[in-house]
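Structure file data-v7.cif (mmCIF, N, CA and C atoms) follows.
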```
data_start
loop_
_atom_site.label_atom_id
_atom_site.label_comp_id
_atom_site.auth_asym_id
_atom_site.auth_seq_id
_atom_site.Cartn_x
_atom_site.Cartn_y
_atom_site.Cartn_z
N MET A 27 -61.94 61.14 -65.36
CA MET A 27 -63.12 60.32 -65.57
C MET A 27 -62.77 58.85 -65.41
N LEU A 28 -61.64 58.50 -65.92
CA LEU A 28 -61.19 57.13 -65.80
C LEU A 28 -60.97 56.77 -64.34
N ASN A 29 -60.49 57.70 -63.58
CA ASN A 29 -60.27 57.50 -62.16
C ASN A 29 -61.60 57.30 -61.42
N ILE A 30 -62.64 58.00 -61.81
CA ILE A 30 -63.97 57.86 -61.20
C ILE A 30 -64.54 56.49 -61.53
N LYS A 31 -64.38 56.02 -62.76
CA LYS A 31 -64.88 54.69 -63.15
C LYS A 31 -64.18 53.61 -62.35
N LYS A 32 -62.87 53.77 -62.15
CA LYS A 32 -62.11 52.79 -61.38
C LYS A 32 -62.59 52.79 -59.92
N SER A 33 -62.80 53.96 -59.37
CA SER A 33 -63.29 54.07 -57.99
C SER A 33 -64.67 53.45 -57.86
N PHE A 34 -65.53 53.71 -58.84
CA PHE A 34 -66.88 53.16 -58.83
C PHE A 34 -66.83 51.64 -58.92
N LYS A 35 -65.94 51.11 -59.75
CA LYS A 35 -65.77 49.66 -59.91
C LYS A 35 -65.33 49.04 -58.58
N TYR A 36 -64.36 49.68 -57.90
CA TYR A 36 -63.90 49.17 -56.60
C TYR A 36 -65.01 49.25 -55.54
N LEU A 37 -65.81 50.29 -55.62
CA LEU A 37 -66.92 50.45 -54.68
C LEU A 37 -67.95 49.34 -54.86
N ILE A 38 -68.27 48.99 -56.06
CA ILE A 38 -69.23 47.91 -56.34
C ILE A 38 -68.66 46.58 -55.88
N ILE A 39 -67.39 46.32 -56.15
CA ILE A 39 -66.75 45.06 -55.73
C ILE A 39 -66.74 44.97 -54.21
N ALA A 40 -66.41 46.06 -53.54
CA ALA A 40 -66.38 46.06 -52.07
C ALA A 40 -67.78 45.83 -51.50
N THR A 41 -68.80 46.44 -52.12
CA THR A 41 -70.19 46.25 -51.67
C THR A 41 -70.62 44.81 -51.85
N VAL A 42 -70.31 44.19 -52.96
CA VAL A 42 -70.66 42.79 -53.21
C VAL A 42 -69.95 41.89 -52.20
N ILE A 43 -68.68 42.16 -51.93
CA ILE A 43 -67.93 41.35 -50.95
C ILE A 43 -68.56 41.49 -49.56
N LEU A 44 -68.93 42.72 -49.18
CA LEU A 44 -69.58 42.94 -47.88
C LEU A 44 -70.92 42.21 -47.78
N ILE A 45 -71.69 42.22 -48.86
CA ILE A 45 -72.98 41.50 -48.87
C ILE A 45 -72.76 40.00 -48.72
N ILE A 46 -71.76 39.47 -49.42
CA ILE A 46 -71.45 38.03 -49.32
C ILE A 46 -71.01 37.69 -47.90
N ILE A 47 -70.15 38.52 -47.31
CA ILE A 47 -69.70 38.28 -45.92
C ILE A 47 -70.89 38.35 -44.96
N ALA A 48 -71.81 39.28 -45.19
CA ALA A 48 -72.99 39.41 -44.32
C ALA A 48 -73.87 38.17 -44.41
N ILE A 49 -74.08 37.65 -45.61
CA ILE A 49 -74.91 36.45 -45.79
C ILE A 49 -74.25 35.25 -45.12
N ILE A 50 -72.96 35.07 -45.33
CA ILE A 50 -72.24 33.94 -44.71
C ILE A 50 -72.23 34.10 -43.19
N GLY A 51 -71.98 35.30 -42.71
CA GLY A 51 -71.95 35.55 -41.26
C GLY A 51 -73.30 35.28 -40.60
N LYS A 52 -74.37 35.64 -41.27
CA LYS A 52 -75.71 35.39 -40.72
C LYS A 52 -75.98 33.89 -40.62
N ARG A 53 -75.60 33.15 -41.65
CA ARG A 53 -75.82 31.69 -41.63
C ARG A 53 -74.96 30.99 -40.59
N LEU A 54 -73.75 31.49 -40.36
CA LEU A 54 -72.86 30.89 -39.37
C LEU A 54 -73.15 31.39 -37.95
N GLY A 55 -74.05 32.35 -37.80
CA GLY A 55 -74.42 32.83 -36.49
C GLY A 55 -73.47 33.85 -35.90
N TRP A 56 -72.72 34.53 -36.74
CA TRP A 56 -71.79 35.53 -36.24
C TRP A 56 -72.54 36.74 -35.68
N PHE A 57 -73.71 37.04 -36.19
CA PHE A 57 -74.50 38.18 -35.70
C PHE A 57 -75.97 37.91 -35.98
N GLY A 58 -76.84 38.64 -35.26
CA GLY A 58 -78.28 38.49 -35.46
C GLY A 58 -78.91 37.38 -34.64
N ASN A 59 -78.16 36.70 -33.74
CA ASN A 59 -78.71 35.60 -32.95
C ASN A 59 -78.80 35.94 -31.46
N GLU A 60 -78.88 37.21 -31.11
CA GLU A 60 -78.87 37.60 -29.70
C GLU A 60 -80.07 37.03 -28.93
N ASN A 61 -81.23 36.99 -29.54
CA ASN A 61 -82.45 36.56 -28.85
C ASN A 61 -82.76 35.08 -29.03
N GLU A 62 -81.94 34.37 -29.74
CA GLU A 62 -82.20 32.96 -29.96
C GLU A 62 -81.64 32.14 -28.81
N PHE A 63 -82.37 31.10 -28.42
CA PHE A 63 -81.89 30.15 -27.42
C PHE A 63 -82.44 28.78 -27.75
N GLU A 64 -81.78 27.78 -27.25
CA GLU A 64 -82.13 26.40 -27.57
C GLU A 64 -83.29 25.93 -26.71
N ILE A 65 -84.26 25.29 -27.33
CA ILE A 65 -85.42 24.76 -26.62
C ILE A 65 -85.49 23.26 -26.87
N ASN A 66 -85.55 22.48 -25.80
CA ASN A 66 -85.71 21.03 -25.93
C ASN A 66 -87.19 20.71 -25.93
N THR A 67 -87.62 19.95 -26.90
CA THR A 67 -89.03 19.55 -26.98
C THR A 67 -89.13 18.04 -26.97
N GLU A 68 -90.33 17.58 -26.66
CA GLU A 68 -90.58 16.14 -26.60
C GLU A 68 -92.02 15.91 -27.03
N LYS A 69 -92.27 14.81 -27.69
CA LYS A 69 -93.62 14.48 -28.12
C LYS A 69 -94.47 14.19 -26.89
N ALA A 70 -95.67 14.74 -26.85
CA ALA A 70 -96.56 14.57 -25.70
C ALA A 70 -97.05 13.13 -25.62
N THR A 71 -96.92 12.54 -24.43
CA THR A 71 -97.42 11.19 -24.18
C THR A 71 -98.15 11.18 -22.84
N LYS A 72 -99.00 10.20 -22.65
CA LYS A 72 -99.73 10.07 -21.40
C LYS A 72 -98.90 9.22 -20.44
N ARG A 73 -98.62 9.77 -19.24
CA ARG A 73 -97.84 9.05 -18.24
C ARG A 73 -98.10 9.63 -16.86
N THR A 74 -97.65 8.93 -15.85
CA THR A 74 -97.83 9.37 -14.47
C THR A 74 -96.73 10.36 -14.12
N ILE A 75 -97.14 11.47 -13.53
CA ILE A 75 -96.18 12.49 -13.12
C ILE A 75 -95.95 12.35 -11.63
N VAL A 76 -94.70 12.22 -11.25
CA VAL A 76 -94.33 12.12 -9.83
C VAL A 76 -93.75 13.46 -9.42
N GLU A 77 -94.39 14.07 -8.42
CA GLU A 77 -93.92 15.37 -7.95
C GLU A 77 -93.48 15.24 -6.51
N ILE A 78 -92.26 15.61 -6.22
CA ILE A 78 -91.72 15.55 -4.87
C ILE A 78 -91.43 16.97 -4.41
N ILE A 79 -91.98 17.31 -3.25
CA ILE A 79 -91.76 18.64 -2.70
C ILE A 79 -91.07 18.50 -1.36
N THR A 80 -89.99 19.19 -1.18
CA THR A 80 -89.28 19.21 0.09
C THR A 80 -89.47 20.58 0.70
N ALA A 81 -89.91 20.60 1.95
CA ALA A 81 -90.15 21.89 2.60
C ALA A 81 -89.85 21.80 4.09
N ASN A 82 -89.54 22.92 4.66
CA ASN A 82 -89.34 23.02 6.10
C ASN A 82 -90.56 23.70 6.70
N GLY A 83 -90.89 23.31 7.92
CA GLY A 83 -92.02 23.94 8.57
C GLY A 83 -92.40 23.23 9.85
N LYS A 84 -93.49 23.66 10.42
CA LYS A 84 -93.99 23.08 11.66
C LYS A 84 -95.39 22.55 11.39
N ILE A 85 -95.61 21.30 11.75
CA ILE A 85 -96.91 20.67 11.53
C ILE A 85 -97.77 20.90 12.77
N GLN A 86 -98.97 21.42 12.56
CA GLN A 86 -99.90 21.66 13.65
C GLN A 86 -101.08 20.69 13.52
N PRO A 87 -101.54 20.12 14.64
CA PRO A 87 -102.69 19.22 14.56
C PRO A 87 -103.97 20.01 14.29
N GLU A 88 -104.94 19.32 13.72
CA GLU A 88 -106.23 19.96 13.47
C GLU A 88 -106.92 20.28 14.79
N THR A 89 -106.84 19.34 15.73
CA THR A 89 -107.41 19.54 17.06
C THR A 89 -106.36 19.16 18.09
N GLU A 90 -106.14 20.03 19.06
CA GLU A 90 -105.19 19.74 20.13
C GLU A 90 -105.97 19.65 21.44
N VAL A 91 -105.75 18.57 22.19
CA VAL A 91 -106.48 18.34 23.44
C VAL A 91 -105.48 18.22 24.57
N LYS A 92 -105.71 18.96 25.64
CA LYS A 92 -104.87 18.85 26.84
C LYS A 92 -105.60 17.94 27.82
N ILE A 93 -104.89 16.94 28.33
CA ILE A 93 -105.48 15.96 29.24
C ILE A 93 -104.92 16.20 30.64
N SER A 94 -105.81 16.20 31.63
CA SER A 94 -105.37 16.32 33.02
C SER A 94 -106.16 15.34 33.87
N SER A 95 -105.59 15.01 35.01
CA SER A 95 -106.21 14.04 35.90
C SER A 95 -106.89 14.75 37.07
N ASP A 96 -107.95 14.13 37.61
CA ASP A 96 -108.62 14.67 38.79
C ASP A 96 -107.83 14.34 40.05
N VAL A 97 -106.95 13.37 39.97
CA VAL A 97 -106.17 12.94 41.13
C VAL A 97 -104.69 13.06 40.81
N SER A 98 -103.88 13.13 41.86
CA SER A 98 -102.44 13.19 41.65
C SER A 98 -101.80 11.92 42.19
N GLY A 99 -100.65 11.59 41.69
CA GLY A 99 -99.94 10.41 42.15
C GLY A 99 -98.81 10.05 41.21
N GLU A 100 -98.10 8.99 41.56
CA GLU A 100 -96.97 8.53 40.77
C GLU A 100 -97.47 7.64 39.64
N ILE A 101 -97.03 7.91 38.42
CA ILE A 101 -97.41 7.09 37.26
C ILE A 101 -96.55 5.84 37.26
N VAL A 102 -97.23 4.67 37.28
CA VAL A 102 -96.50 3.40 37.29
C VAL A 102 -96.52 2.71 35.92
N GLU A 103 -97.45 3.09 35.05
CA GLU A 103 -97.54 2.46 33.73
C GLU A 103 -98.10 3.48 32.74
N LEU A 104 -97.41 3.66 31.63
CA LEU A 104 -97.85 4.57 30.58
C LEU A 104 -98.14 3.73 29.34
N ASN A 105 -99.40 3.72 28.90
CA ASN A 105 -99.83 2.83 27.82
C ASN A 105 -99.81 3.46 26.43
N VAL A 106 -99.58 4.75 26.33
CA VAL A 106 -99.56 5.42 25.02
C VAL A 106 -98.30 6.28 24.90
N LYS A 107 -97.93 6.54 23.66
CA LYS A 107 -96.80 7.43 23.38
C LYS A 107 -97.33 8.69 22.71
N GLU A 108 -96.52 9.72 22.71
CA GLU A 108 -96.91 10.97 22.06
C GLU A 108 -97.15 10.70 20.58
N GLY A 109 -98.28 11.16 20.08
CA GLY A 109 -98.62 10.98 18.67
C GLY A 109 -99.55 9.80 18.43
N ASP A 110 -99.74 8.91 19.44
CA ASP A 110 -100.66 7.78 19.28
C ASP A 110 -102.09 8.28 19.21
N GLU A 111 -102.91 7.59 18.44
CA GLU A 111 -104.32 7.93 18.35
C GLU A 111 -105.07 7.13 19.40
N VAL A 112 -105.92 7.79 20.17
CA VAL A 112 -106.69 7.12 21.21
C VAL A 112 -108.17 7.43 21.01
N ILE A 113 -109.01 6.56 21.57
CA ILE A 113 -110.45 6.79 21.52
C ILE A 113 -110.99 6.80 22.94
N LYS A 114 -112.21 7.25 23.10
CA LYS A 114 -112.83 7.34 24.41
C LYS A 114 -112.86 5.95 25.05
N GLY A 115 -112.42 5.89 26.30
CA GLY A 115 -112.41 4.64 27.04
C GLY A 115 -111.06 3.95 27.08
N ASP A 116 -110.10 4.37 26.25
CA ASP A 116 -108.76 3.76 26.27
C ASP A 116 -108.06 4.09 27.58
N LEU A 117 -107.35 3.10 28.14
CA LEU A 117 -106.56 3.31 29.35
C LEU A 117 -105.24 3.95 28.94
N LEU A 118 -105.02 5.17 29.41
CA LEU A 118 -103.82 5.91 29.03
C LEU A 118 -102.66 5.61 29.96
N LEU A 119 -102.93 5.56 31.28
CA LEU A 119 -101.87 5.32 32.24
C LEU A 119 -102.46 4.80 33.54
N LYS A 120 -101.58 4.26 34.40
CA LYS A 120 -102.00 3.79 35.72
C LYS A 120 -101.23 4.59 36.76
N ILE A 121 -101.96 5.01 37.81
CA ILE A 121 -101.35 5.76 38.91
C ILE A 121 -101.20 4.82 40.10
N LYS A 122 -100.09 4.94 40.80
CA LYS A 122 -99.80 4.09 41.98
C LYS A 122 -100.94 4.28 43.00
N PRO A 123 -101.63 3.18 43.40
CA PRO A 123 -102.84 3.30 44.23
C PRO A 123 -102.58 3.45 45.73
N ASP A 124 -101.33 3.45 46.20
CA ASP A 124 -101.05 3.51 47.64
C ASP A 124 -101.71 4.71 48.31
N THR A 125 -101.64 5.87 47.71
CA THR A 125 -102.20 7.09 48.28
C THR A 125 -103.71 6.95 48.46
N TYR A 126 -104.38 6.37 47.49
CA TYR A 126 -105.84 6.26 47.53
C TYR A 126 -106.29 5.16 48.48
N ILE A 127 -105.52 4.09 48.55
CA ILE A 127 -105.87 3.00 49.48
C ILE A 127 -105.79 3.50 50.92
N SER A 128 -104.73 4.25 51.23
CA SER A 128 -104.62 4.79 52.60
C SER A 128 -105.73 5.80 52.87
N GLY A 129 -106.14 6.56 51.90
CA GLY A 129 -107.25 7.51 52.06
C GLY A 129 -108.55 6.78 52.33
N ILE A 130 -108.80 5.70 51.61
CA ILE A 130 -110.02 4.90 51.81
C ILE A 130 -110.00 4.29 53.20
N GLU A 131 -108.85 3.77 53.63
CA GLU A 131 -108.75 3.16 54.96
C GLU A 131 -109.01 4.20 56.05
N ARG A 132 -108.53 5.42 55.89
CA ARG A 132 -108.79 6.48 56.87
C ARG A 132 -110.27 6.82 56.93
N MET A 133 -110.89 6.89 55.78
CA MET A 133 -112.33 7.20 55.74
C MET A 133 -113.14 6.09 56.40
N GLU A 134 -112.78 4.83 56.13
CA GLU A 134 -113.49 3.71 56.75
C GLU A 134 -113.29 3.73 58.27
N ALA A 135 -112.08 4.05 58.72
CA ALA A 135 -111.80 4.10 60.16
C ALA A 135 -112.61 5.20 60.83
N SER A 136 -112.69 6.36 60.18
CA SER A 136 -113.47 7.45 60.77
C SER A 136 -114.95 7.12 60.74
N LEU A 137 -115.40 6.39 59.73
CA LEU A 137 -116.81 5.99 59.65
C LEU A 137 -117.14 4.98 60.74
N ASN A 138 -116.22 4.04 61.00
CA ASN A 138 -116.44 3.02 62.04
C ASN A 138 -116.39 3.63 63.44
N SER A 139 -115.57 4.65 63.63
CA SER A 139 -115.45 5.25 64.96
C SER A 139 -116.63 6.15 65.28
N SER A 140 -117.38 6.58 64.33
CA SER A 140 -118.50 7.45 64.64
C SER A 140 -119.76 6.74 64.98
#
```

Would you mind writing the structure in this file as structure tokens?
Amino acid sequence: MLNIKKSFKYLIIATVILIIIAIIGKRLGWFGNENEFEINTEKATKRTIVEIITANGKIQPETEVKISSDVSGEIVELNVKEGDEVIKGDLLLKIKPDTYISGIERMEASLNSS
């Protein structure tokens, strides 16, 4: 009987020690913190938010216009560059007039000979 009382006394002491270790371990974070993570917070204030987005891609125009000439010839002056905005009536380029001048002279000669 005395041996059982001694065993029971040791069992109670061991249980109390385990409970104390569990309480200390919980406070020190030894266990029970698997789902905890640190969150940084800040007081809400009104301010301008600057958002910068970097992306790769191809820019397509809203409207694409192909320009062609009714006449052919050598371009002697180009007044616009690719990407420039133009309006109706703007001079885009000049074509060397030699071909057309000789054509006009031939027509006038044939008109005079008839």

Item to check | For atom N of Ile38 of chain A and atom N of Trp56 of chain A, the interatomic separation in Å (one decimal) | outcome: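 A separation of 24.5 Å between them.
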
Contacts of Phe57 of chain A at 10 Å (only C-alpha atoms; same-chain gap of 5+ positions) as a PDB file with N, CA and C atoms, keeping the file's coordinate frame:
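See out.pdb below for the written result:
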```pdb
ATOM      1  N   ALA A  48     -71.810  39.280 -45.190  1.00  0.00           N
ATOM      2  CA  ALA A  48     -72.990  39.410 -44.320  1.00  0.00           C
ATOM      3  C   ALA A  48     -73.870  38.170 -44.410  1.00  0.00           C
ATOM      4  N   GLY A  51     -71.980  35.300 -42.710  1.00  0.00           N
ATOM      5  CA  GLY A  51     -71.950  35.550 -41.260  1.00  0.00           C
ATOM      6  C   GLY A  51     -73.300  35.280 -40.600  1.00  0.00           C
ATOM      7  N   LYS A  52     -74.370  35.640 -41.270  1.00  0.00           N
ATOM      8  CA  LYS A  52     -75.710  35.390 -40.720  1.00  0.00           C
ATOM      9  C   LYS A  52     -75.980  33.890 -40.620  1.00  0.00           C
TER      10      LYS A  52
END
```

Next on the checklist: So that I can see what lies close to segment 93-104 of chain A, please list as number ranges by chain the residues with an atom at most 6 Å from it, counting all atoms listed in the file and leaving out residues fewer than 6 positions away in the same chain.
Outcome noted: A: 118-122

Checklist outcome for this item: As a check of understanding: the span from atom CA of Thr67 of chain A to atom CA of Thr80 of chain A is 27.1 Å

Item to check | Filtered DSSP result for chain A, state strand (DSSP E or B), as a PyMOL selection string | outcome: chain A and resi 101-104+119-121

Item to check | d(atom CA of Leu37 of chain A, atom N of Ile49 of chain A) in Å | outcome: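 We find that atom CA of Leu37 of chain A and atom N of Ile49 of chain A lie 17.2 Å from each other.
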
Box along x, y and z, 5 Å on every side, all listed atoms of segment 107-115 of chain A inside: centre and edge lengths in Å to one decimal, as lines of an AutoDock Vina configuration file.
```
center_x = -104.7
center_y = 7.6
center_z = 22.7
size_x = 26.3
size_y = 17.2
size_z = 18.7
```

I need the alpha helix (DSSP H) residues of segment 38-140 of chain A per DSSP on the backbone, written as a PDB file with N, CA and C atoms, in the coordinates of the input.
```pdb
ATOM      1  N   ILE A  38     -68.270  48.990 -56.060  1.00  0.00           N
ATOM      2  CA  ILE A  38     -69.230  47.910 -56.340  1.00  0.00           C
ATOM      3  C   ILE A  38     -68.660  46.580 -55.880  1.00  0.00           C
ATOM      4  N   ILE A  39     -67.390  46.320 -56.150  1.00  0.00           N
ATOM      5  CA  ILE A  39     -66.750  45.060 -55.730  1.00  0.00           C
ATOM      6  C   ILE A  39     -66.740  44.970 -54.210  1.00  0.00           C
ATOM      7  N   ALA A  40     -66.410  46.060 -53.540  1.00  0.00           N
ATOM      8  CA  ALA A  40     -66.380  46.060 -52.070  1.00  0.00           C
ATOM      9  C   ALA A  40     -67.780  45.830 -51.500  1.00  0.00           C
ATOM     10  N   THR A  41     -68.800  46.440 -52.120  1.00  0.00           N
ATOM     11  CA  THR A  41     -70.190  46.250 -51.670  1.00  0.00           C
ATOM     12  C   THR A  41     -70.620  44.810 -51.850  1.00  0.00           C
ATOM     13  N   VAL A  42     -70.310  44.190 -52.960  1.00  0.00           N
ATOM     14  CA  VAL A  42     -70.660  42.790 -53.210  1.00  0.00           C
ATOM     15  C   VAL A  42     -69.950  41.890 -52.200  1.00  0.00           C
ATOM     16  N   ILE A  43     -68.680  42.160 -51.930  1.00  0.00           N
ATOM     17  CA  ILE A  43     -67.930  41.350 -50.950  1.00  0.00           C
ATOM     18  C   ILE A  43     -68.560  41.490 -49.560  1.00  0.00           C
ATOM     19  N   LEU A  44     -68.930  42.720 -49.180  1.00  0.00           N
ATOM     20  CA  LEU A  44     -69.580  42.940 -47.880  1.00  0.00           C
ATOM     21  C   LEU A  44     -70.920  42.210 -47.780  1.00  0.00           C
ATOM     22  N   ILE A  45     -71.690  42.220 -48.860  1.00  0.00           N
ATOM     23  CA  ILE A  45     -72.980  41.500 -48.870  1.00  0.00           C
ATOM     24  C   ILE A  45     -72.760  40.000 -48.720  1.00  0.00           C
ATOM     25  N   ILE A  46     -71.760  39.470 -49.420  1.00  0.00           N
ATOM     26  CA  ILE A  46     -71.450  38.030 -49.320  1.00  0.00           C
ATOM     27  C   ILE A  46     -71.010  37.690 -47.900  1.00  0.00           C
ATOM     28  N   ILE A  47     -70.150  38.520 -47.310  1.00  0.00           N
ATOM     29  CA  ILE A  47     -69.700  38.280 -45.920  1.00  0.00           C
ATOM     30  C   ILE A  47     -70.890  38.350 -44.960  1.00  0.00           C
ATOM     31  N   ALA A  48     -71.810  39.280 -45.190  1.00  0.00           N
ATOM     32  CA  ALA A  48     -72.990  39.410 -44.320  1.00  0.00           C
ATOM     33  C   ALA A  48     -73.870  38.170 -44.410  1.00  0.00           C
ATOM     34  N   ILE A  49     -74.080  37.650 -45.610  1.00  0.00           N
ATOM     35  CA  ILE A  49     -74.910  36.450 -45.790  1.00  0.00           C
ATOM     36  C   ILE A  49     -74.250  35.250 -45.120  1.00  0.00           C
ATOM     37  N   ILE A  50     -72.960  35.070 -45.330  1.00  0.00           N
ATOM     38  CA  ILE A  50     -72.240  33.940 -44.710  1.00  0.00           C
ATOM     39  C   ILE A  50     -72.230  34.100 -43.190  1.00  0.00           C
ATOM     40  N   GLY A  51     -71.980  35.300 -42.710  1.00  0.00           N
ATOM     41  CA  GLY A  51     -71.950  35.550 -41.260  1.00  0.00           C
ATOM     42  C   GLY A  51     -73.300  35.280 -40.600  1.00  0.00           C
ATOM     43  N   LYS A  52     -74.370  35.640 -41.270  1.00  0.00           N
ATOM     44  CA  LYS A  52     -75.710  35.390 -40.720  1.00  0.00           C
ATOM     45  C   LYS A  52     -75.980  33.890 -40.620  1.00  0.00           C
ATOM     46  N   ARG A  53     -75.600  33.150 -41.650  1.00  0.00           N
ATOM     47  CA  ARG A  53     -75.820  31.690 -41.630  1.00  0.00           C
ATOM     48  C   ARG A  53     -74.960  30.990 -40.590  1.00  0.00           C
ATOM     49  N   LEU A  54     -73.750  31.490 -40.360  1.00  0.00           N
ATOM     50  CA  LEU A  54     -72.860  30.890 -39.370  1.00  0.00           C
ATOM     51  C   LEU A  54     -73.150  31.390 -37.950  1.00  0.00           C
ATOM     52  N   ASP A 124    -101.330   3.450  46.200  1.00  0.00           N
ATOM     53  CA  ASP A 124    -101.050   3.510  47.640  1.00  0.00           C
ATOM     54  C   ASP A 124    -101.710   4.710  48.310  1.00  0.00           C
ATOM     55  N   THR A 125    -101.640   5.870  47.710  1.00  0.00           N
ATOM     56  CA  THR A 125    -102.200   7.090  48.280  1.00  0.00           C
ATOM     57  C   THR A 125    -103.710   6.950  48.460  1.00  0.00           C
ATOM     58  N   TYR A 126    -104.380   6.370  47.490  1.00  0.00           N
ATOM     59  CA  TYR A 126    -105.840   6.260  47.530  1.00  0.00           C
ATOM     60  C   TYR A 126    -106.290   5.160  48.480  1.00  0.00           C
ATOM     61  N   ILE A 127    -105.520   4.090  48.550  1.00  0.00           N
ATOM     62  CA  ILE A 127    -105.870   3.000  49.480  1.00  0.00           C
ATOM     63  C   ILE A 127    -105.790   3.500  50.920  1.00  0.00           C
ATOM     64  N   SER A 128    -104.730   4.250  51.230  1.00  0.00           N
ATOM     65  CA  SER A 128    -104.620   4.790  52.600  1.00  0.00           C
ATOM     66  C   SER A 128    -105.730   5.800  52.870  1.00  0.00           C
ATOM     67  N   GLY A 129    -106.140   6.560  51.900  1.00  0.00           N
ATOM     68  CA  GLY A 129    -107.250   7.510  52.060  1.00  0.00           C
ATOM     69  C   GLY A 129    -108.550   6.780  52.330  1.00  0.00           C
ATOM     70  N   ILE A 130    -108.800   5.700  51.610  1.00  0.00           N
ATOM     71  CA  ILE A 130    -110.020   4.900  51.810  1.00  0.00           C
ATOM     72  C   ILE A 130    -110.000   4.290  53.200  1.00  0.00           C
ATOM     73  N   GLU A 131    -108.850   3.770  53.630  1.00  0.00           N
ATOM     74  CA  GLU A 131    -108.750   3.160  54.960  1.00  0.00           C
ATOM     75  C   GLU A 131    -109.010   4.200  56.050  1.00  0.00           C
ATOM     76  N   ARG A 132    -108.530   5.420  55.890  1.00  0.00           N
ATOM     77  CA  ARG A 132    -108.790   6.480  56.870  1.00  0.00           C
ATOM     78  C   ARG A 132    -110.270   6.820  56.930  1.00  0.00           C
ATOM     79  N   MET A 133    -110.890   6.890  55.780  1.00  0.00           N
ATOM     80  CA  MET A 133    -112.330   7.200  55.740  1.00  0.00           C
ATOM     81  C   MET A 133    -113.140   6.090  56.400  1.00  0.00           C
ATOM     82  N   GLU A 134    -112.780   4.830  56.130  1.00  0.00           N
ATOM     83  CA  GLU A 134    -113.490   3.710  56.750  1.00  0.00           C
ATOM     84  C   GLU A 134    -113.290   3.730  58.270  1.00  0.00           C
ATOM     85  N   ALA A 135    -112.080   4.050  58.720  1.00  0.00           N
ATOM     86  CA  ALA A 135    -111.800   4.100  60.160  1.00  0.00           C
ATOM     87  C   ALA A 135    -112.610   5.200  60.830  1.00  0.00           C
ATOM     88  N   SER A 136    -112.690   6.360  60.180  1.00  0.00           N
ATOM     89  CA  SER A 136    -113.470   7.450  60.770  1.00  0.00           C
ATOM     90  C   SER A 136    -114.950   7.120  60.740  1.00  0.00           C
ATOM     91  N   LEU A 137    -115.400   6.390  59.730  1.00  0.00           N
ATOM     92  CA  LEU A 137    -116.810   5.990  59.650  1.00  0.00           C
ATOM     93  C   LEU A 137    -117.140   4.980  60.740  1.00  0.00           C
ATOM     94  N   ASN A 138    -116.220   4.040  61.000  1.00  0.00           N
ATOM     95  CA  ASN A 138    -116.440   3.020  62.040  1.00  0.00           C
ATOM     96  C   ASN A 138    -116.390   3.630  63.440  1.00  0.00           C
ATOM     97  N   SER A 139    -115.570   4.650  63.630  1.00  0.00           N
ATOM     98  CA  SER A 139    -115.450   5.250  64.960  1.00  0.00           C
ATOM     99  C   SER A 139    -116.630   6.150  65.280  1.00  0.00           C
TER     100      SER A 139
END
```
